[in-house]
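Below: the structure, in structure tokens.
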Amino acid sequence: MNFAMSATQRGAAKKVRKVSDQELARFLRHLSSLYRDRSTGNPGLSLALAELADSIYTAPSAERQSSLFDGTSLNETIRNADSEMLNKIIMDEKLTKGELVRVARERFSIPRSKLLRMTIEGVRSELKSALLHEESLKIISQEAHRGGTNRVS
């Protein structure tokens, strides 16, 4: 066998994205369920895989939860937040992907299913794009109400 990698294969290997802890844990739990059957699987391996998945990723701890997500008036907070506050929320590293998805759904009506397929960086990028779009619509609305006065172009 030839174990040497061609330049094309090395380039493809460099483009592989890092798997998140959550994705790895989900894969291990799925693999664990495949080995769970006593007649065709390996229950001991299944148990070990499940324990490994739990040790790799557990649900977000209380210390990671933001105070923004504690109250019942979260929907109102998100809907009434100005762009500066929303930008701080988007960039907050303490927020989990689920919390960012909730912000996107409540403020910008972005479909939850679309965001759940993305990485947390993708969700942040989608939120930034939505925020920029919202800001551009405000500018257009202000110009329309002014009636074009003071316009130089």
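Letters A, B, ... go to the chains of the structure tokens in the order shown; residues in each chain start at 1; ligands are counted from 1 in the same order.
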Env of region 132-149 of chain A: 12 Å cut, atoms = only C-alpha atoms, seq-sep filter 2 positions within chain, self excluded. Answer as number ranges by chain. A: 82-84, 86-87, 107-108, 125-130, 151-153
Could the residues in this selection be written to a file with N, CA and C atoms, as an mmCIF file, in the first residue's frame?
```
data_model
loop_
_atom_site.group_PDB
_atom_site.id
_atom_site.type_symbol
_atom_site.label_atom_id
_atom_site.label_comp_id
_atom_site.auth_asym_id
_atom_site.auth_seq_id
_atom_site.Cartn_x
_atom_site.Cartn_y
_atom_site.Cartn_z
ATOM 1 N N ASP A 82 -31.920 47.726 21.632
ATOM 2 C CA ASP A 82 -31.369 48.519 20.541
ATOM 3 C C ASP A 82 -30.228 47.735 19.883
ATOM 4 N N SER A 83 -29.718 48.264 18.788
ATOM 5 C CA SER A 83 -28.710 47.535 18.024
ATOM 6 C C SER A 83 -27.408 47.355 18.811
ATOM 7 N N GLU A 84 -27.072 48.311 19.657
ATOM 8 C CA GLU A 84 -25.846 48.183 20.460
ATOM 9 C C GLU A 84 -25.958 47.025 21.449
ATOM 10 N N LEU A 86 -28.002 44.429 21.168
ATOM 11 C CA LEU A 86 -28.037 43.185 20.396
ATOM 12 C C LEU A 86 -26.640 42.775 19.948
ATOM 13 N N ASN A 87 -25.827 43.725 19.562
ATOM 14 C CA ASN A 87 -24.460 43.420 19.158
ATOM 15 C C ASN A 87 -23.675 42.826 20.329
ATOM 16 N N ARG A 107 -36.226 37.815 17.759
ATOM 17 C CA ARG A 107 -36.027 39.168 17.233
ATOM 18 C C ARG A 107 -36.182 39.242 15.719
ATOM 19 N N PHE A 108 -35.600 38.267 15.016
ATOM 20 C CA PHE A 108 -35.528 38.367 13.562
ATOM 21 C C PHE A 108 -36.385 37.326 12.825
ATOM 22 N N SER A 125 -22.877 34.734 12.839
ATOM 23 C CA SER A 125 -22.790 35.411 11.546
ATOM 24 C C SER A 125 -24.185 35.726 11.002
ATOM 25 N N GLU A 126 -25.093 34.785 11.129
ATOM 26 C CA GLU A 126 -26.477 35.000 10.671
ATOM 27 C C GLU A 126 -27.135 36.123 11.460
ATOM 28 N N LEU A 127 -26.892 36.167 12.765
ATOM 29 C CA LEU A 127 -27.442 37.239 13.597
ATOM 30 C C LEU A 127 -26.861 38.596 13.213
ATOM 31 N N LYS A 128 -25.552 38.642 12.957
ATOM 32 C CA LYS A 128 -24.922 39.904 12.541
ATOM 33 C C LYS A 128 -25.522 40.398 11.228
ATOM 34 N N SER A 129 -25.724 39.488 10.280
ATOM 35 C CA SER A 129 -26.317 39.859 8.992
ATOM 36 C C SER A 129 -27.730 40.397 9.180
ATOM 37 N N ALA A 130 -28.499 39.737 10.025
ATOM 38 C CA ALA A 130 -29.871 40.186 10.279
ATOM 39 C C ALA A 130 -29.879 41.557 10.949
ATOM 40 N N ARG A 151 -30.482 65.975 0.695
ATOM 41 C CA ARG A 151 -29.819 64.902 -0.029
ATOM 42 C C ARG A 151 -28.820 65.510 -1.007
ATOM 43 N N VAL A 152 -27.595 64.931 -1.072
ATOM 44 C CA VAL A 152 -26.564 65.500 -1.902
ATOM 45 C C VAL A 152 -26.309 64.700 -3.171
ATOM 46 N N SER A 153 -26.814 63.506 -3.272
ATOM 47 C CA SER A 153 -26.529 62.722 -4.496
ATOM 48 C C SER A 153 -27.640 62.812 -5.500
#
```
Contacts of Ser33 (chain A) within 12 Å, only C-alpha atoms, excl. fewer than 6 positions in-chain, as a ChimeraX atom specification: /A:26-27,40-50,53
Among A:Lys18, A:Glu23, A:Val103, A:Tyr35, Asn80 (chain A) is approached most closely, using only C-alpha atoms, by A:Val103
Would you mind reading off the distance between CA of Thr119 (chain A) and CA of Ile89 (chain A), one decimal, in Å?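 Result for CA of Thr119 (chain A) versus CA of Ile89 (chain A): 16.8 Å, one decimal.
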Which residue, A:Ile120, A:Met85, A:Val101, A:Met91, has the smallest gap to Asp21 (chain A) when you use only C-alpha atoms? A:Ile120
Between CA of Gly122 (chain A) and CA of Ala25 (chain A), what is the distance, to one decimal in Å?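 According to the coordinates, CA of Gly122 (chain A) and CA of Ala25 (chain A) are separated by 19.7 Å.
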Measuring atom to atom with only C-alpha atoms, identify which of A:Arg36, A:Lys97, A:Lys88, A:Arg29 is nearest to Met118 (chain A). A:Lys97
Which residue is closest to Leu31 (chain A)? Choose from A:Ser109, A:Leu52, A:Leu131, A:Asp92 and count only C-alpha atoms. A:Leu52
Can you pull out the residues contacting Ser113 (chain A)? Cut-off 12 Å, using only C-alpha atoms, and skip same-chain residues under 2 positions away; I want them as a PyMOL selection string. chain A and resi 98+101-102+104-105+109-111+115-118+123
If you keep C-alpha atoms, can you produce a file of those selected residues as a PDB file, in the first residue's frame?
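Listed below is the output, result25.pdb:
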```
ATOM      1  CA  GLY A  98     -29.406  27.549  21.980  1.00  0.00           C
ATOM      2  CA  VAL A 101     -30.943  30.634  18.331  1.00  0.00           C
ATOM      3  CA  ARG A 102     -33.650  31.913  20.673  1.00  0.00           C
ATOM      4  CA  ALA A 104     -32.558  34.958  16.336  1.00  0.00           C
ATOM      5  CA  ARG A 105     -36.014  33.413  16.430  1.00  0.00           C
ATOM      6  CA  SER A 109     -37.926  35.421  12.971  1.00  0.00           C
ATOM      7  CA  ILE A 110     -35.107  33.304  11.556  1.00  0.00           C
ATOM      8  CA  PRO A 111     -36.224  29.666  11.292  1.00  0.00           C
ATOM      9  CA  LEU A 115     -29.876  27.751  12.765  1.00  0.00           C
ATOM     10  CA  LEU A 116     -29.649  24.401  14.531  1.00  0.00           C
ATOM     11  CA  ARG A 117     -27.777  22.955  11.549  1.00  0.00           C
ATOM     12  CA  MET A 118     -25.129  25.678  11.835  1.00  0.00           C
ATOM     13  CA  VAL A 123     -25.416  31.440  14.086  1.00  0.00           C
TER      14      VAL A 123
END
```
